[in-house]
Amino acid sequence: MPSAILARRAMLVLIAASTILFFGQGTTFSSMGIALFAMVAEFHWSEAGAGGAFLALGLICAATSLAPMLLIPRIGGRWTMVAGALILAAGFLLAAATEKLPTFYVAAGLFGLAFSLVANATGTYLVATWFGARSPRMIGIYLMVGSLGGAVGPPVASALIATGGGWRFYWLAMVGAALAFAAMCAGFIREAPSAEVPGPAGGLSDHAPRTTEWGFRGFLRTPQFAVAALAMVATQACVIMVSSVAAPHMVQLGWSEGFAADLLGLQGLVGTAATGVAGWLTERRDPKLALAAGLLAEALGMLLLAYAHGLLISYAFVVAFGIGWGVASLAVTVLLIRYFGDIAGTAALSTIWLFAGASTASPYVAGKIDDLTGSFVPALTGLGLALLPIAFLAFAMNSARRIRTAA
């Protein structure tokens with residue numbers, strides 16, 4: 001097949017995968033609370049009961065994180081994406097029909113399953129198999145576009161609910177959008193050529209095999225997987241802790257809640273930009289160095305937030321933490337593809353997201369520490385310092401080009 005046609009198909013895959021990640025991120029984790037707030041007001045649900053919907057979303061998402069690994073070898077990345085978009089539409093439809101809280105729990109569970117299918121693992125697999133040696137920068141673009149959904153989703157949801165007829169209208173509008181995205185995935189996404197037929201930028205075999213030789217037990221036994229898993233779980237724990245305790249912590253330090261919200265928004269934008277830059281960086285330098293540097297910046301950001309008594313320190317937190325989590329998250333993804341190849345690397349990423357479910361406990365731990373000490377400083381400091389040995393392990397790993405396939 002002519003290289004121009006392959007290049008065009010690769011770009012269509014990148015566009016489709018990026019936009020559905022943007023949509024999935026913007027309508028589930030980022031915006032569900034906006035619609036749920038209106039639903040609580042109408043049905044007089046308790047705050048604890050409403051919070052259970054987020055628990056259902058997170059638990060199902062973690063529990064089904066291995067689903068792409070099971071589906072991609074059987075039906076391919078294209079139909080895995082389509083299935084996820086259709087399940088997302090079903091969840092939105094059930095949410096629109098909600099009258100009782102348990103019904104919304106089921107809808108939230110469908111959101112979690114759908115997000116597992118349309119999000120990072122499947123998209124990373126598709127981008128990696130199509131772009132080969134150029135995949136790090138393209139994965140960076142993919143994750144950067146997806147993370148923008150978290151910034152765009154909440155204001156869009158708020159506007160649709162306020163001006164379009166309430167929360168039912170919002171969920172029904174999302175049903176239509178999800179069906180449109182399912183059609184887009186079916187039309188735009190194709191499976192990449194086989195390993196014997198190079199993609200538009202050469203095969204990923206420049207770095208790792210495009211086979212399943214590793215197997216599930218194979219990559220689980222490697223120190224590279226262990227370090228990548230530690231890095232991702234710790235990074236997610238930091239992101240969730242910062243998102244949940246930054247506002248009360250900043251208030252304890254004498255800042256306003258509005259100022260804390262502004263800081264969180266800014267660091268989110270910095271992280272989004274850093275993800276894109278990290279894709280370009282890991283294409284030119286060993287991604288293990290990017291991972292180590294990202295973890296160090298993340299640790300610095302946690303310590304700066306813990307002691308953010310001044311304006312300069314507060315904005316330094318924005319820069320350090322935003323760059324840190326953006327670079328570290330992207331570097332883990334690239335490392336897995338470089339070490340284990342397309343399919344096994346996707347399986348490894350799915351497995352890590354299963355482990356990352358443990359990171360959701362970080363706000364609870366921080367809250368317990370605050371109850372005991374009257375401050376979030378020990379929790380922020382402790383988690384920040386815990387990143388340092390992981391950064392050292394990342395730096396000490398073998399280069400991604402040196403690892404060999406399992407026997």
# chains A, B, ... in the order shown; residues from 1 in each chain; ligands from 1
>>> residues_around(residues="stretch 394-396 of chain A", least_positions_apart="3", cutoff="9 Å", atoms="only C-alpha atoms", output="mmCIF file with all heavy atoms, in the first residue's frame")
data_model
loop_
_atom_site.group_PDB
_atom_site.id
_atom_site.type_symbol
_atom_site.label_atom_id
_atom_site.label_comp_id
_atom_site.auth_asym_id
_atom_site.auth_seq_id
_atom_site.Cartn_x
_atom_site.Cartn_y
_atom_site.Cartn_z
ATOM 1 N N GLN A 224 11.525 -3.851 35.165
ATOM 2 C CA GLN A 224 11.072 -2.664 34.439
ATOM 3 C C GLN A 224 9.571 -2.436 34.639
ATOM 4 O O GLN A 224 9.127 -1.301 34.844
ATOM 5 C CB GLN A 224 11.385 -2.806 32.939
ATOM 6 C CG GLN A 224 12.847 -2.721 32.591
ATOM 7 C CD GLN A 224 13.590 -4.027 32.841
ATOM 8 O OE1 GLN A 224 13.000 -5.071 33.115
ATOM 9 N NE2 GLN A 224 14.918 -3.963 32.758
ATOM 10 N N VAL A 227 8.986 -1.109 38.259
ATOM 11 C CA VAL A 227 9.292 0.315 38.427
ATOM 12 C C VAL A 227 8.226 1.176 37.749
ATOM 13 O O VAL A 227 7.773 2.180 38.310
ATOM 14 C CB VAL A 227 10.687 0.639 37.867
ATOM 15 C CG1 VAL A 227 10.937 2.141 37.886
ATOM 16 C CG2 VAL A 227 11.758 -0.076 38.673
ATOM 17 N N ALA A 228 7.803 0.786 36.530
ATOM 18 C CA ALA A 228 6.767 1.545 35.829
ATOM 19 C C ALA A 228 5.468 1.553 36.627
ATOM 20 O O ALA A 228 4.783 2.583 36.720
ATOM 21 C CB ALA A 228 6.543 0.962 34.437
ATOM 22 N N ALA A 231 5.826 3.842 39.620
ATOM 23 C CA ALA A 231 5.805 5.239 39.196
ATOM 24 C C ALA A 231 4.397 5.707 38.873
ATOM 25 O O ALA A 231 3.981 6.807 39.286
ATOM 26 C CB ALA A 231 6.718 5.430 37.983
ATOM 27 N N LYS A 288 13.481 6.506 30.167
ATOM 28 C CA LYS A 288 13.707 6.292 31.598
ATOM 29 C C LYS A 288 14.237 7.574 32.242
ATOM 30 O O LYS A 288 13.958 7.850 33.414
ATOM 31 C CB LYS A 288 14.673 5.140 31.835
ATOM 32 C CG LYS A 288 16.133 5.445 31.545
ATOM 33 C CD LYS A 288 17.047 4.348 32.037
ATOM 34 C CE LYS A 288 18.519 4.779 31.942
ATOM 35 N NZ LYS A 288 19.423 3.756 32.492
ATOM 36 N N LEU A 289 14.998 8.374 31.495
ATOM 37 C CA LEU A 289 15.502 9.638 32.020
ATOM 38 C C LEU A 289 14.361 10.634 32.214
ATOM 39 O O LEU A 289 14.322 11.375 33.191
ATOM 40 C CB LEU A 289 16.567 10.211 31.098
ATOM 41 C CG LEU A 289 17.797 9.323 30.859
ATOM 42 C CD1 LEU A 289 18.755 9.991 29.882
ATOM 43 C CD2 LEU A 289 18.503 9.021 32.175
ATOM 44 N N ALA A 290 13.431 10.632 31.255
ATOM 45 C CA ALA A 290 12.260 11.502 31.385
ATOM 46 C C ALA A 290 11.417 11.094 32.584
ATOM 47 O O ALA A 290 10.902 11.951 33.321
ATOM 48 C CB ALA A 290 11.426 11.457 30.103
ATOM 49 N N LEU A 291 11.282 9.786 32.808
ATOM 50 C CA LEU A 291 10.500 9.314 33.953
ATOM 51 C C LEU A 291 11.154 9.750 35.256
ATOM 52 O O LEU A 291 10.475 10.257 36.164
ATOM 53 C CB LEU A 291 10.369 7.796 33.903
ATOM 54 C CG LEU A 291 9.642 7.143 35.086
ATOM 55 C CD1 LEU A 291 8.240 7.719 35.251
ATOM 56 C CD2 LEU A 291 9.592 5.628 34.926
ATOM 57 N N ALA A 292 12.466 9.554 35.365
ATOM 58 C CA ALA A 292 13.171 9.952 36.589
ATOM 59 C C ALA A 292 13.045 11.453 36.828
ATOM 60 O O ALA A 292 12.761 11.897 37.953
ATOM 61 C CB ALA A 292 14.643 9.545 36.501
ATOM 62 N N ALA A 293 13.229 12.252 35.758
ATOM 63 C CA ALA A 293 13.127 13.707 35.899
ATOM 64 C C ALA A 293 11.712 14.125 36.266
ATOM 65 O O ALA A 293 11.497 15.024 37.098
ATOM 66 C CB ALA A 293 13.562 14.391 34.603
ATOM 67 N N PRO A 389 12.875 7.525 45.910
ATOM 68 C CA PRO A 389 13.478 6.223 45.586
ATOM 69 C C PRO A 389 12.958 5.646 44.268
ATOM 70 O O PRO A 389 13.698 4.934 43.572
ATOM 71 C CB PRO A 389 13.102 5.340 46.779
ATOM 72 C CG PRO A 389 11.953 6.020 47.442
ATOM 73 C CD PRO A 389 12.153 7.478 47.193
ATOM 74 N N ILE A 390 11.711 5.934 43.911
ATOM 75 C CA ILE A 390 11.184 5.441 42.632
ATOM 76 C C ILE A 390 11.919 6.126 41.480
ATOM 77 O O ILE A 390 12.230 5.498 40.461
ATOM 78 C CB ILE A 390 9.668 5.684 42.544
ATOM 79 C CG1 ILE A 390 8.945 5.044 43.730
ATOM 80 C CG2 ILE A 390 9.113 5.118 41.239
ATOM 81 C CD1 ILE A 390 7.463 5.355 43.786
ATOM 82 N N ALA A 391 12.203 7.427 41.630
ATOM 83 C CA ALA A 391 12.975 8.137 40.605
ATOM 84 C C ALA A 391 14.363 7.521 40.452
ATOM 85 O O ALA A 391 14.870 7.372 39.331
ATOM 86 C CB ALA A 391 13.085 9.623 40.966
ATOM 87 N N SER A 399 18.477 0.529 29.751
ATOM 88 C CA SER A 399 17.890 1.321 28.674
ATOM 89 C C SER A 399 16.802 0.526 27.987
ATOM 90 O O SER A 399 16.864 -0.706 27.890
ATOM 91 C CB SER A 399 18.959 1.716 27.659
ATOM 92 O OG SER A 399 18.371 2.283 26.505
#
>>> closest_atom_pairs(of="stretch 156-193 of chain A", to="stretch 81-96 of chain A", cutoff="6 Å", atoms="only C-alpha atoms", output="CSV")
residue,atom,partner,partner_atom,distance
A:Arg168,CA,A:Ala96,CA,4.8
A:Trp171,CA,A:Ala96,CA,5.2
A:Val175,CA,A:Ala89,CA,4.6
A:Ala178,CA,A:Ala89,CA,5.2
A:Ala182,CA,A:Val82,CA,4.9
A:Cys185,CA,A:Val82,CA,5.9
>>> residues_around(residues="A:Gly150", least_positions_apart="2", cutoff="7 Å", atoms="only C-alpha atoms", output="count of residues only")
7
>>> closest_residue(among="A:Ser329, A:Ser244, A:Ser256, A:Thr381", to="A:Tyr364", atoms="only C-alpha atoms")
A:Ser244
>>> closest_residue(among="A:Leu110, A:Leu295, A:Leu354, A:Val270", to="A:Tyr315", atoms="only C-alpha atoms")
A:Val270
>>> closest_residue(among="A:Ala180, A:Ala157, A:Leu126, A:Leu305", to="A:Ala38", atoms="only C-alpha atoms")
A:Ala157
